[in-house]
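S.K.: Just so it is clear, I am handing over structure21.pdb, which has PDB, C-alpha atoms.
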```
ATOM      1  CA  MET A   1    -106.138 -18.610 -61.630
ATOM      2  CA  LEU A   2    -106.228 -15.054 -60.291
ATOM      3  CA  TYR A   3    -109.357 -13.711 -58.642
ATOM      4  CA  ILE A   4    -110.172 -10.011 -58.628
ATOM      5  CA  LYS A   5    -112.830  -8.525 -56.380
ATOM      6  CA  CYS A   6    -114.889  -6.245 -58.594
ATOM      7  CA  PRO A   7    -116.270  -3.433 -56.390
ATOM      8  CA  HIS A   8    -119.569  -3.756 -58.270
ATOM      9  CA  CYS A   9    -120.040  -7.527 -58.797
ATOM     10  CA  GLY A  10    -117.883  -9.236 -56.160
ATOM     11  CA  MET A  11    -115.160 -11.875 -56.498
ATOM     12  CA  ARG A  12    -114.648 -12.909 -60.120
ATOM     13  CA  SER A  13    -112.052 -14.762 -62.166
ATOM     14  CA  GLN A  14    -109.329 -12.749 -63.870
ATOM     15  CA  ASN A  15    -110.586 -14.261 -67.187
ATOM     16  CA  GLU A  16    -113.449 -11.789 -67.060
ATOM     17  CA  PHE A  17    -111.154  -8.763 -66.823
ATOM     18  CA  SER A  18    -108.985  -6.845 -69.220
ATOM     19  CA  TYR A  19    -105.822  -4.979 -68.127
ATOM     20  CA  GLY A  20    -105.884  -1.238 -68.767
ATOM     21  CA  GLY A  21    -102.540   0.169 -67.647
ATOM     22  CA  ASP A  22    -101.176   2.359 -64.863
ATOM     23  CA  ALA A  23    -103.911   3.920 -62.693
ATOM     24  CA  THR A  24    -101.672   6.628 -61.245
ATOM     25  CA  VAL A  25    -101.091   8.551 -64.482
ATOM     26  CA  LYS A  26    -102.838  11.931 -64.375
ATOM     27  CA  ARG A  27    -103.851  13.882 -67.456
ATOM     28  CA  PRO A  28    -102.225  17.354 -67.636
ATOM     29  CA  GLU A  29    -104.598  20.076 -66.504
ATOM     30  CA  LEU A  30    -106.994  21.186 -69.251
ATOM     31  CA  GLY A  31    -106.155  24.535 -70.843
ATOM     32  CA  LYS A  32    -102.647  24.573 -69.366
ATOM     33  CA  GLU A  33     -99.596  24.932 -71.614
ATOM     34  CA  VAL A  34     -98.041  21.449 -71.860
ATOM     35  CA  SER A  35     -94.436  20.724 -72.825
ATOM     36  CA  ASP A  36     -93.552  17.842 -75.169
ATOM     37  CA  GLN A  37     -91.921  16.073 -72.247
ATOM     38  CA  GLU A  38     -95.066  16.313 -70.073
ATOM     39  CA  TRP A  39     -97.214  15.045 -72.927
ATOM     40  CA  ASP A  40     -94.807  12.165 -73.614
ATOM     41  CA  ASP A  41     -94.900  11.248 -69.925
ATOM     42  CA  PHE A  42     -98.697  11.232 -69.956
ATOM     43  CA  VAL A  43     -99.148   9.271 -73.176
ATOM     44  CA  TYR A  44     -96.135   6.954 -73.434
ATOM     45  CA  ASN A  45     -93.637   6.871 -70.599
ATOM     46  CA  ARG A  46     -94.375   4.301 -67.903
ATOM     47  CA  LYS A  47     -92.387   2.922 -65.004
ATOM     48  CA  SER A  48     -92.047  -0.832 -64.827
ATOM     49  CA  LEU A  49     -92.298  -1.203 -61.089
ATOM     50  CA  ARG A  50     -91.600  -4.315 -59.090
ATOM     51  CA  GLY A  51     -93.958  -4.591 -56.132
ATOM     52  CA  LYS A  52     -97.234  -2.915 -55.231
ATOM     53  CA  HIS A  53     -98.771  -1.031 -58.117
ATOM     54  CA  TRP A  54    -102.146   0.594 -58.809
ATOM     55  CA  GLU A  55    -103.566  -0.547 -62.141
ATOM     56  CA  LEU A  56    -106.685  -0.007 -64.202
ATOM     57  CA  TRP A  57    -108.703  -3.072 -65.140
ATOM     58  CA  GLN A  58    -112.006  -3.362 -66.968
ATOM     59  CA  HIS A  59    -114.580  -5.969 -65.973
ATOM     60  CA  LEU A  60    -115.145  -6.663 -69.646
ATOM     61  CA  PHE A  61    -117.228  -9.842 -69.382
ATOM     62  CA  GLY A  62    -119.157  -8.666 -66.319
ATOM     63  CA  CYS A  63    -120.462  -5.200 -65.479
ATOM     64  CA  ARG A  64    -118.117  -3.580 -68.052
ATOM     65  CA  GLN A  65    -116.942  -1.004 -65.501
ATOM     66  CA  TRP A  66    -113.384   0.253 -65.159
ATOM     67  CA  ILE A  67    -111.890  -0.349 -61.727
ATOM     68  CA  LYS A  68    -108.606   0.320 -59.898
ATOM     69  CA  VAL A  69    -106.643  -2.633 -58.583
ATOM     70  CA  GLU A  70    -103.627  -2.615 -56.258
ATOM     71  CA  ARG A  71    -101.533  -5.580 -57.308
ATOM     72  CA  ASP A  72     -98.028  -6.806 -56.566
ATOM     73  CA  THR A  73     -96.355  -7.104 -59.958
ATOM     74  CA  ALA A  74     -93.942  -9.751 -58.648
ATOM     75  CA  THR A  75     -96.292 -12.046 -56.719
ATOM     76  CA  HIS A  76     -99.623 -11.076 -58.383
ATOM     77  CA  GLU A  77    -101.168 -10.698 -54.941
ATOM     78  CA  ILE A  78    -104.117  -8.313 -55.034
ATOM     79  CA  PHE A  79    -104.481  -6.054 -51.999
ATOM     80  CA  LYS A  80    -107.324  -3.707 -52.749
ATOM     81  CA  THR A  81    -109.808  -2.732 -55.464
ATOM     82  CA  LEU A  82    -111.645   0.567 -55.926
ATOM     83  CA  LYS A  83    -114.321   1.978 -58.205
ATOM     84  CA  ALA A  84    -112.867   4.127 -60.990
ATOM     85  CA  ASN A  85    -114.092   7.354 -59.385
ATOM     86  CA  GLN A  86    -112.589   6.581 -55.970
ATOM     87  CA  GLU A  87    -109.289   8.223 -55.075
ATOM     88  CA  ILE A  88    -106.257   6.121 -54.260
ATOM     89  CA  SER A  89    -105.262   6.729 -50.641
ATOM     90  CA  LYS A  90    -101.529   7.085 -50.050
TER      91      LYS A  90
ATOM     92  CA  MET B   1    -141.605 -11.435 -93.595
ATOM     93  CA  SER B   2    -141.340 -14.402 -91.275
ATOM     94  CA  SER B   3    -138.579 -14.232 -88.684
ATOM     95  CA  ILE B   4    -135.954 -16.960 -88.405
ATOM     96  CA  SER B   5    -134.875 -17.816 -84.874
ATOM     97  CA  ALA B   6    -131.218 -17.422 -83.921
ATOM     98  CA  LEU B   7    -130.669 -21.170 -83.466
ATOM     99  CA  ALA B   8    -132.952 -22.455 -86.254
ATOM    100  CA  ASN B   9    -130.009 -23.943 -88.181
ATOM    101  CA  VAL B  10    -128.443 -25.873 -85.286
ATOM    102  CA  HIS B  11    -131.164 -26.727 -82.803
ATOM    103  CA  LEU B  12    -132.120 -30.362 -83.484
ATOM    104  CA  LYS B  13    -134.905 -32.041 -81.604
ATOM    105  CA  GLY B  14    -134.368 -35.429 -79.959
ATOM    106  CA  GLN B  15    -132.266 -37.145 -77.345
ATOM    107  CA  PHE B  16    -128.474 -36.968 -77.454
ATOM    108  CA  GLY B  17    -125.389 -38.077 -75.522
ATOM    109  CA  ASP B  18    -125.500 -40.501 -72.632
ATOM    110  CA  TYR B  19    -129.266 -40.711 -72.251
ATOM    111  CA  ASP B  20    -129.605 -44.478 -72.783
ATOM    112  CA  GLY B  21    -131.180 -46.304 -69.862
ATOM    113  CA  LYS B  22    -131.888 -43.086 -67.988
ATOM    114  CA  ASN B  23    -135.259 -41.766 -66.980
ATOM    115  CA  GLU B  24    -136.324 -38.977 -69.311
ATOM    116  CA  ASN B  25    -136.887 -36.713 -66.320
ATOM    117  CA  SER B  26    -133.352 -37.186 -65.010
ATOM    118  CA  ILE B  27    -131.556 -35.961 -68.150
ATOM    119  CA  LEU B  28    -131.054 -32.350 -69.140
ATOM    120  CA  LYS B  29    -133.647 -30.515 -71.171
ATOM    121  CA  ILE B  30    -132.443 -27.933 -73.663
ATOM    122  CA  SER B  31    -134.641 -25.590 -75.637
ATOM    123  CA  GLU B  32    -134.427 -22.379 -77.584
ATOM    124  CA  VAL B  33    -136.519 -19.504 -76.277
ATOM    125  CA  LYS B  34    -137.964 -17.182 -78.891
ATOM    126  CA  ASN B  35    -140.293 -14.229 -79.005
ATOM    127  CA  LEU B  36    -139.176 -12.513 -75.829
ATOM    128  CA  LEU B  37    -139.130  -8.767 -75.448
ATOM    129  CA  ILE B  38    -135.579  -7.820 -74.449
ATOM    130  CA  ILE B  39    -134.770  -4.214 -73.682
ATOM    131  CA  GLN B  40    -131.577  -2.741 -72.302
ATOM    132  CA  ILE B  41    -132.145   0.119 -69.866
ATOM    133  CA  VAL B  42    -129.211   2.354 -68.939
ATOM    134  CA  GLN B  43    -129.495   5.355 -66.639
ATOM    135  CA  TYR B  44    -127.098   8.159 -67.547
ATOM    136  CA  LYS B  45    -124.499   9.130 -64.946
ATOM    137  CA  ASN B  46    -125.781  12.719 -64.716
ATOM    138  CA  SER B  47    -129.412  11.623 -64.283
ATOM    139  CA  LYS B  48    -130.959  12.495 -60.934
ATOM    140  CA  VAL B  49    -134.151  10.471 -61.378
ATOM    141  CA  SER B  50    -134.859   8.296 -58.348
ATOM    142  CA  LEU B  51    -135.245   4.604 -59.098
ATOM    143  CA  GLU B  52    -137.798   4.335 -56.286
ATOM    144  CA  SER B  53    -140.418   6.070 -58.413
ATOM    145  CA  ILE B  54    -139.985   3.733 -61.390
ATOM    146  CA  LYS B  55    -141.989   0.562 -61.888
ATOM    147  CA  ILE B  56    -142.399  -1.564 -64.999
ATOM    148  CA  ASP B  57    -145.016  -4.314 -64.920
ATOM    149  CA  GLY B  58    -145.102  -3.753 -61.158
ATOM    150  CA  LEU B  59    -141.358  -4.353 -60.812
ATOM    151  CA  LYS B  60    -138.691  -1.979 -59.513
ATOM    152  CA  LEU B  61    -135.232  -1.474 -60.984
ATOM    153  CA  LYS B  62    -132.921  -2.807 -58.279
ATOM    154  CA  ASP B  63    -129.353  -1.525 -58.348
ATOM    155  CA  GLU B  64    -127.886  -4.568 -56.594
ATOM    156  CA  PRO B  65    -125.407  -7.074 -58.007
ATOM    157  CA  LEU B  66    -126.872 -10.452 -59.081
ATOM    158  CA  SER B  67    -130.421  -9.290 -58.408
ATOM    159  CA  VAL B  68    -133.402 -10.114 -60.633
ATOM    160  CA  SER B  69    -136.772  -8.412 -60.067
ATOM    161  CA  ASN B  70    -139.368 -10.791 -61.347
ATOM    162  CA  ASN B  71    -142.950 -11.891 -61.690
ATOM    163  CA  ASN B  72    -144.422 -14.719 -63.752
ATOM    164  CA  GLU B  73    -143.887 -13.052 -67.113
ATOM    165  CA  THR B  74    -141.235 -10.407 -66.640
ATOM    166  CA  ARG B  75    -137.695 -10.394 -65.309
ATOM    167  CA  ILE B  76    -135.387  -7.402 -64.845
ATOM    168  CA  LEU B  77    -131.743  -8.465 -64.660
ATOM    169  CA  TRP B  78    -129.023  -6.323 -63.102
ATOM    170  CA  ASN B  79    -126.321  -5.928 -65.764
ATOM    171  CA  GLY B  80    -124.039  -3.432 -64.053
ATOM    172  CA  PRO B  81    -124.364  -0.138 -62.145
ATOM    173  CA  ASN B  82    -127.458   1.657 -63.477
ATOM    174  CA  ASN B  83    -127.762  -0.900 -66.252
ATOM    175  CA  TRP B  84    -130.542  -3.482 -66.569
ATOM    176  CA  LEU B  85    -131.783  -6.069 -69.019
ATOM    177  CA  PHE B  86    -135.560  -6.171 -69.179
ATOM    178  CA  VAL B  87    -136.923  -9.527 -70.392
ATOM    179  CA  SER B  88    -140.618 -10.199 -70.781
ATOM    180  CA  LEU B  89    -143.203 -12.356 -72.495
ATOM    181  CA  LYS B  90    -145.439  -9.290 -72.714
ATOM    182  CA  LYS B  91    -144.513  -7.646 -75.990
ATOM    183  CA  ASP B  92    -146.891  -4.756 -75.438
ATOM    184  CA  LEU B  93    -144.706  -3.420 -72.599
ATOM    185  CA  LYS B  94    -142.290  -2.050 -75.191
ATOM    186  CA  LYS B  95    -144.446   1.021 -75.799
ATOM    187  CA  ASP B  96    -144.802   1.675 -72.066
ATOM    188  CA  ILE B  97    -141.046   1.561 -71.563
ATOM    189  CA  PHE B  98    -140.258   3.850 -74.472
ATOM    190  CA  ASN B  99    -142.939   6.294 -73.309
ATOM    191  CA  ASN B 100    -142.161   6.262 -69.593
ATOM    192  CA  PHE B 101    -138.381   6.606 -69.612
ATOM    193  CA  LYS B 102    -137.224  10.131 -70.477
ATOM    194  CA  GLU B 103    -134.613  10.298 -73.218
ATOM    195  CA  THR B 104    -132.594  12.777 -71.182
ATOM    196  CA  ASP B 105    -132.164  10.319 -68.303
ATOM    197  CA  PHE B 106    -132.179   6.854 -69.848
ATOM    198  CA  ALA B 107    -130.842   5.067 -72.914
ATOM    199  CA  ILE B 108    -133.414   2.490 -73.985
ATOM    200  CA  THR B 109    -132.437  -0.093 -76.607
ATOM    201  CA  ASP B 110    -134.587  -2.867 -77.980
ATOM    202  CA  LEU B 111    -132.393  -5.994 -78.190
ATOM    203  CA  SER B 112    -135.210  -8.478 -78.868
ATOM    204  CA  HIS B 113    -133.793  -9.556 -82.228
ATOM    205  CA  SER B 114    -130.114  -9.419 -81.325
ATOM    206  CA  ARG B 115    -129.914 -12.178 -78.738
ATOM    207  CA  ALA B 116    -129.919 -15.977 -78.903
ATOM    208  CA  ILE B 117    -131.517 -17.571 -75.843
ATOM    209  CA  ILE B 118    -130.971 -21.115 -74.619
ATOM    210  CA  GLU B 119    -132.895 -22.573 -71.703
ATOM    211  CA  ILE B 120    -131.495 -25.593 -69.807
ATOM    212  CA  GLU B 121    -133.201 -27.521 -67.066
ATOM    213  CA  GLY B 122    -132.012 -30.423 -64.933
ATOM    214  CA  LYS B 123    -129.955 -31.231 -61.884
ATOM    215  CA  GLU B 124    -126.662 -31.161 -63.837
ATOM    216  CA  VAL B 125    -127.126 -27.639 -65.191
ATOM    217  CA  LYS B 126    -124.464 -26.114 -62.952
ATOM    218  CA  GLU B 127    -121.998 -28.856 -63.941
ATOM    219  CA  VAL B 128    -122.534 -27.969 -67.599
ATOM    220  CA  LEU B 129    -121.963 -24.278 -66.878
ATOM    221  CA  LYS B 130    -118.859 -24.955 -64.773
ATOM    222  CA  LYS B 131    -117.196 -26.682 -67.739
ATOM    223  CA  GLY B 132    -116.806 -23.442 -69.677
ATOM    224  CA  CYS B 133    -117.338 -20.568 -67.270
ATOM    225  CA  PRO B 134    -114.992 -19.418 -64.468
ATOM    226  CA  PHE B 135    -117.810 -18.240 -62.168
ATOM    227  CA  ASN B 136    -118.420 -20.126 -58.914
ATOM    228  CA  PHE B 137    -121.901 -21.459 -59.660
ATOM    229  CA  ASN B 138    -122.288 -22.911 -56.168
ATOM    230  CA  ASN B 139    -123.076 -19.334 -55.112
ATOM    231  CA  LEU B 140    -125.699 -18.720 -57.786
ATOM    232  CA  GLU B 141    -129.184 -18.972 -56.340
ATOM    233  CA  LYS B 142    -132.717 -18.738 -57.670
ATOM    234  CA  ASN B 143    -133.459 -15.307 -59.160
ATOM    235  CA  ASN B 144    -129.803 -14.367 -59.503
ATOM    236  CA  SER B 145    -128.154 -13.370 -62.743
ATOM    237  CA  ILE B 146    -124.555 -12.873 -63.847
ATOM    238  CA  ASN B 147    -122.594 -11.755 -66.864
ATOM    239  CA  SER B 148    -119.574 -13.878 -67.616
ATOM    240  CA  ASN B 149    -118.052 -15.883 -70.453
ATOM    241  CA  TYR B 150    -118.402 -19.469 -71.623
ATOM    242  CA  ASN B 151    -115.380 -20.743 -73.546
ATOM    243  CA  GLY B 152    -114.614 -17.120 -74.404
ATOM    244  CA  ILE B 153    -118.166 -16.213 -75.459
ATOM    245  CA  ALA B 154    -119.757 -13.378 -73.466
ATOM    246  CA  PHE B 155    -123.081 -14.500 -72.031
ATOM    247  CA  THR B 156    -125.662 -13.715 -69.360
ATOM    248  CA  VAL B 157    -126.997 -16.388 -67.025
ATOM    249  CA  ASP B 158    -130.427 -15.949 -65.464
ATOM    250  CA  MET B 159    -131.259 -18.515 -62.785
ATOM    251  CA  LEU B 160    -134.989 -19.144 -63.127
ATOM    252  CA  ASN B 161    -135.390 -21.980 -60.671
ATOM    253  CA  ASN B 162    -133.387 -24.235 -58.370
ATOM    254  CA  ASN B 163    -135.562 -27.300 -57.983
ATOM    255  CA  PRO B 164    -134.450 -28.594 -60.423
ATOM    256  CA  ASP B 165    -131.997 -25.983 -61.674
ATOM    257  CA  LYS B 166    -133.281 -24.048 -64.649
ATOM    258  CA  VAL B 167    -131.294 -21.307 -66.378
ATOM    259  CA  ARG B 168    -131.704 -19.034 -69.337
ATOM    260  CA  LEU B 169    -128.546 -18.148 -71.253
ATOM    261  CA  PHE B 170    -128.415 -15.001 -73.361
ATOM    262  CA  THR B 171    -125.689 -14.276 -75.856
ATOM    263  CA  LEU B 172    -125.225 -12.094 -78.904
ATOM    264  CA  ARG B 173    -127.248 -13.548 -81.761
ATOM    265  CA  SER B 174    -124.150 -14.027 -83.917
ATOM    266  CA  PHE B 175    -122.443 -16.016 -81.127
ATOM    267  CA  GLY B 176    -125.580 -18.109 -80.519
ATOM    268  CA  GLU B 177    -124.628 -21.093 -82.659
ATOM    269  CA  SER B 178    -121.124 -21.277 -81.117
ATOM    270  CA  LEU B 179    -122.531 -21.093 -77.585
ATOM    271  CA  TYR B 180    -125.157 -23.708 -78.471
ATOM    272  CA  HIS B 181    -122.416 -26.091 -79.695
ATOM    273  CA  SER B 182    -120.380 -25.501 -76.522
ATOM    274  CA  ILE B 183    -123.359 -26.052 -74.240
ATOM    275  CA  THR B 184    -124.637 -29.149 -76.020
ATOM    276  CA  ASP B 185    -121.115 -30.645 -76.191
ATOM    277  CA  ALA B 186    -120.768 -30.134 -72.442
ATOM    278  CA  SER B 187    -124.199 -31.721 -71.918
ATOM    279  CA  LEU B 188    -123.447 -34.943 -73.823
ATOM    280  CA  GLU B 189    -121.844 -36.500 -70.744
ATOM    281  CA  PHE B 190    -125.127 -36.245 -68.840
ATOM    282  CA  GLY B 191    -127.455 -36.937 -71.756
ATOM    283  CA  TYR B 192    -129.954 -34.340 -72.910
ATOM    284  CA  LYS B 193    -133.263 -33.987 -74.606
ATOM    285  CA  SER B 194    -133.757 -30.998 -76.854
ATOM    286  CA  PHE B 195    -137.201 -29.816 -77.754
TER     287      PHE B 195
END
```
Written as structure tokens, how would this file's structure read?

M.R.:
Amino acid sequence: MLYIKCPHCGMRSQNEFSYGGDATVKRPELGKEVSDQEWDDFVYNRKSLRGKHWELWQHLFGCRQWIKVERDTATHEIFKTLKANQEISK
Amino acid sequence: MSSISALANVHLKGQFGDYDGKNENSILKISEVKNLLIIQIVQYKNSKVSLESIKIDGLKLKDEPLSVSNNNETRILWNGPNNWLFVSLKKDLKKDIFNNFKETDFAITDLSHSRAIIEIEGKEVKEVLKKGCPFNFNNLEKNNSINSNYNGIAFTVDMLNNNPDKVRLFTLRSFGESLYHSITDASLEFGYKSF
């Protein structure tokens, strides 16, 4: 069983969380002219990375907050978690 | 119109499971709790109201995980950041809450009739909870509360006492009968008395 440290509640089982996709995708700037390709990249196109990856998860059965999780997609090791409004440091 | 409790159709009174030959005080006690005032309090993200200045029934809203502010009749459970579940025997506090919390800063919702509440007492309570919930109950102390799931049913656990363990379980009213079946099935091994 995987354990994820929710930045609000503490260490909880993965059963309480729901996966929410890539956390690095940025919405195109509001009011800016957007090409079809840029919009496709934002809405649909995702990389399927092997290794460390920032993801969005929701603590659905707990505090119901969205959080960011850095997880290794190959080993499932979790390195770091952040609140949704915290920036990912590079 | 008379109100029908959430578990009226399933909650049978008596002794069940492996209670034979055991002292009545050593088996689990399960009951349905009715007539509580339950109000969800959510502070909006853009609200700048300080929580320090707010008191309900003499209790502060604590924005700390697991925390429960409590007195003999009222308990305020932390549900998430800026989100609390207010539970009280004093029904007349409803007016105070609706009057004292500004609509522009807080969302106040009366959930009194939309929850099923089960109370369990006994030294095996944590064992019963561990059977269906992934939370590490060894860390749950008196006056702590958590949100989690029990066999896939979202529920809130409020630890009322630890000598012996006594918990209150809240779930959506429509999930109440399913949760009751799960909890009582898990309790059969230890024997339980429902009243």

S.K.: Near chain A, meaning an atom within 12 Å, which residues of chain B appear when counting only C-alpha atoms? Write them as JSON, numbers by chain.

M.R.: {"B": [45, 63, 64, 65, 66, 67, 77, 78, 79, 80, 81, 82, 83, 84, 85, 132, 133, 134, 135, 136, 137, 139, 144, 145, 146, 147, 148, 149, 150, 151, 152, 153, 154, 155, 156, 157, 171]}

S.K.: Write a file of the selected residues as a compact mmCIF listing (two decimals), in the frame of the given file, keeping C-alpha atoms.

M.R.:
```
# COMPACT_ATOMS: atom_id res chain seq x y z
CA LYS B 45 -124.50 9.13 -64.95
CA ASP B 63 -129.35 -1.52 -58.35
CA GLU B 64 -127.89 -4.57 -56.59
CA PRO B 65 -125.41 -7.07 -58.01
CA LEU B 66 -126.87 -10.45 -59.08
CA SER B 67 -130.42 -9.29 -58.41
CA LEU B 77 -131.74 -8.46 -64.66
CA TRP B 78 -129.02 -6.32 -63.10
CA ASN B 79 -126.32 -5.93 -65.76
CA GLY B 80 -124.04 -3.43 -64.05
CA PRO B 81 -124.36 -0.14 -62.14
CA ASN B 82 -127.46 1.66 -63.48
CA ASN B 83 -127.76 -0.90 -66.25
CA TRP B 84 -130.54 -3.48 -66.57
CA LEU B 85 -131.78 -6.07 -69.02
CA GLY B 132 -116.81 -23.44 -69.68
CA CYS B 133 -117.34 -20.57 -67.27
CA PRO B 134 -114.99 -19.42 -64.47
CA PHE B 135 -117.81 -18.24 -62.17
CA ASN B 136 -118.42 -20.13 -58.91
CA PHE B 137 -121.90 -21.46 -59.66
CA ASN B 139 -123.08 -19.33 -55.11
CA ASN B 144 -129.80 -14.37 -59.50
CA SER B 145 -128.15 -13.37 -62.74
CA ILE B 146 -124.56 -12.87 -63.85
CA ASN B 147 -122.59 -11.76 -66.86
CA SER B 148 -119.57 -13.88 -67.62
CA ASN B 149 -118.05 -15.88 -70.45
CA TYR B 150 -118.40 -19.47 -71.62
CA ASN B 151 -115.38 -20.74 -73.55
CA GLY B 152 -114.61 -17.12 -74.40
CA ILE B 153 -118.17 -16.21 -75.46
CA ALA B 154 -119.76 -13.38 -73.47
CA PHE B 155 -123.08 -14.50 -72.03
CA THR B 156 -125.66 -13.72 -69.36
CA VAL B 157 -127.00 -16.39 -67.03
CA THR B 171 -125.69 -14.28 -75.86
```

S.K.: Hey, which of A:Ile78, A:Leu30, A:Ile88, A:Ile67 ends up closest to Lys52 (chain A)? Count all atoms listed in the file.

M.R.: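 With all atoms listed in the file as the atom set, the closest residue is A:Ile78.
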
S.K.: Since I can't run it myself right now, could you work out what the PyMOL selection byres ((chain B and resi 38) around 7) selects here and report it as a list in words?

M.R.: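 Selected by the PyMOL selection byres ((chain B and resi 38) around 7) in this file: Leu36, Leu37, Ile39, Gln40, Leu85, Phe86, Val87, Ser88, Asp110, Leu111 and Ser112 of chain B.
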
S.K.: Apply the PyMOL selection byres ((chain B and resi 20) around 12) to the structure shown and report the selected residues as a PyMOL selection string.

M.R.: chain B and resi 15-19+21-24+26-27+188-193

S.K.: For a cut-off of 7 Å around (-134.5, -17.4, -58.0), file coordinates, pick out all residues using all atoms listed in the file and list them as a list in words.

M.R.: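 Every residue inside that radius is included here: Glu141, Lys142, Asn143, Asn144, Met159, Leu160, Asn161 and Asn162 of chain B.
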
S.K.: One decimal, in Å: what's the spacing between CA of Ile117 (chain B) and CA of Leu172 (chain B)?

M.R.: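 Pair CA of Ile117 (chain B) / CA of Leu172 (chain B) returns 8.9 Å.
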
S.K.: I'd like the interatomic distance between CA of Val43 (chain A) and CA of Lys80 (chain A), to a tenth of an Å.

M.R.: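 Separating CA of Val43 (chain A) from CA of Lys80 (chain A) is a distance of 25.5 Å.
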
S.K.: Residues at most 10 Å from Arg27 (chain A), counting only C-alpha atoms, excluding those fewer than 6 positions away in the same chain, as a PyMOL selection string?

M.R.: chain A and resi 38-39+41-43

S.K.: Give as a list of chain:residue names the residues that the PyMOL selection byres ((chain A and resi 77) around 12) matches when applied to the coordinates above.

M.R.: A:Met1, A:Leu2, A:Tyr3, A:Ile4, A:Lys5, A:Gly51, A:Lys52, A:His53, A:Trp54, A:Val69, A:Glu70, A:Arg71, A:Asp72, A:Thr73, A:Ala74, A:Thr75, A:His76, A:Ile78, A:Phe79, A:Lys80, A:Thr81

S.K.: Using all atoms listed in the file, which of A:Glu29, A:Trp66, A:Asp22, A:Asn85 sits nearest Lys47 (chain A)?

M.R.: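 Checking each of A:Glu29, A:Trp66, A:Asp22, A:Asn85 against Lys47 (chain A), counting all atoms listed in the file, the winner is A:Asp22.
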
S.K.: Would you mind reading off the distance between CA of Gly122 (chain B) and CA of Ser178 (chain B), one decimal, in Å?

M.R.: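 Computing it gives 21.5 Å between the two atoms.
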
S.K.: Quick one: residues within 12 Å of His181 (chain B), only C-alpha atoms, excluding same-chain residues fewer than 3 positions away - as a PyMOL selection string?

M.R.: chain B and resi 7+9-12+30+118+132+150-151+153+175-178+184-188

S.K.: Taking all listed atoms of region 2-11 of chain A, build the axis-aligned box, pad each of the six sides by 4 Å, then write its centre and edge lengths in Å to one decimal as lines of an AutoDock Vina configuration file.

M.R.:
```
center_x = -113.1
center_y = -9.2
center_z = -58.2
size_x = 21.8
size_y = 19.6
size_z = 12.1
```

S.K.: If you count all atoms listed in the file, which residues fall within 6 Å of Leu56 (chain A), apart from same-chain ones fewer than 3 positions away, as a list in words?

M.R.: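 Once the nearby chain positions are removed, what remains is Gly20, Gly21, Ala23, Ile67 and Lys68 of chain A.
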
S.K.: From the structure block, carefully write region 139-150 of chain B out with N, CA and C atoms; format it as a PDB file, in the first residue's frame.

M.R.:
```
ATOM      1  N   ASN B 139      -2.495   5.958  16.257  1.00  0.00           N
ATOM      2  CA  ASN B 139      -2.135   7.367  16.465  1.00  0.00           C
ATOM      3  C   ASN B 139      -3.319   8.246  16.841  1.00  0.00           C
ATOM      4  N   LEU B 140      -4.515   7.682  16.832  1.00  0.00           N
ATOM      5  CA  LEU B 140      -5.697   8.509  17.105  1.00  0.00           C
ATOM      6  C   LEU B 140      -5.937   8.568  18.616  1.00  0.00           C
ATOM      7  N   GLU B 141      -5.897   9.781  19.134  1.00  0.00           N
ATOM      8  CA  GLU B 141      -6.047   9.951  20.583  1.00  0.00           C
ATOM      9  C   GLU B 141      -7.379  10.599  20.922  1.00  0.00           C
ATOM     10  N   LYS B 142      -7.625  10.724  22.226  1.00  0.00           N
ATOM     11  CA  LYS B 142      -8.857  11.358  22.687  1.00  0.00           C
ATOM     12  C   LYS B 142      -8.948  12.784  22.127  1.00  0.00           C
ATOM     13  N   ASN B 143     -10.146  13.156  21.707  1.00  0.00           N
ATOM     14  CA  ASN B 143     -10.397  14.474  21.116  1.00  0.00           C
ATOM     15  C   ASN B 143      -9.608  14.720  19.828  1.00  0.00           C
ATOM     16  N   ASN B 144      -9.463  13.674  19.046  1.00  0.00           N
ATOM     17  CA  ASN B 144      -8.968  13.773  17.676  1.00  0.00           C
ATOM     18  C   ASN B 144     -10.117  13.398  16.742  1.00  0.00           C
ATOM     19  N   SER B 145     -10.052  13.883  15.527  1.00  0.00           N
ATOM     20  CA  SER B 145     -11.032  13.428  14.540  1.00  0.00           C
ATOM     21  C   SER B 145     -10.354  13.295  13.185  1.00  0.00           C
ATOM     22  N   ILE B 146     -10.863  12.379  12.372  1.00  0.00           N
ATOM     23  CA  ILE B 146     -10.317  12.220  11.013  1.00  0.00           C
ATOM     24  C   ILE B 146     -11.452  12.000  10.026  1.00  0.00           C
ATOM     25  N   ASN B 147     -11.171  12.317   8.779  1.00  0.00           N
ATOM     26  CA  ASN B 147     -12.035  11.895   7.674  1.00  0.00           C
ATOM     27  C   ASN B 147     -11.302  10.780   6.955  1.00  0.00           C
ATOM     28  N   SER B 148     -12.004   9.714   6.651  1.00  0.00           N
ATOM     29  CA  SER B 148     -11.372   8.634   5.908  1.00  0.00           C
ATOM     30  C   SER B 148     -12.483   7.819   5.245  1.00  0.00           C
ATOM     31  N   ASN B 149     -12.181   6.558   4.929  1.00  0.00           N
ATOM     32  CA  ASN B 149     -13.246   5.718   4.369  1.00  0.00           C
ATOM     33  C   ASN B 149     -13.242   4.361   5.032  1.00  0.00           C
ATOM     34  N   TYR B 150     -14.425   3.761   5.112  1.00  0.00           N
ATOM     35  CA  TYR B 150     -14.573   2.436   5.720  1.00  0.00           C
ATOM     36  C   TYR B 150     -15.213   1.544   4.670  1.00  0.00           C
TER      37      TYR B 150
END
```
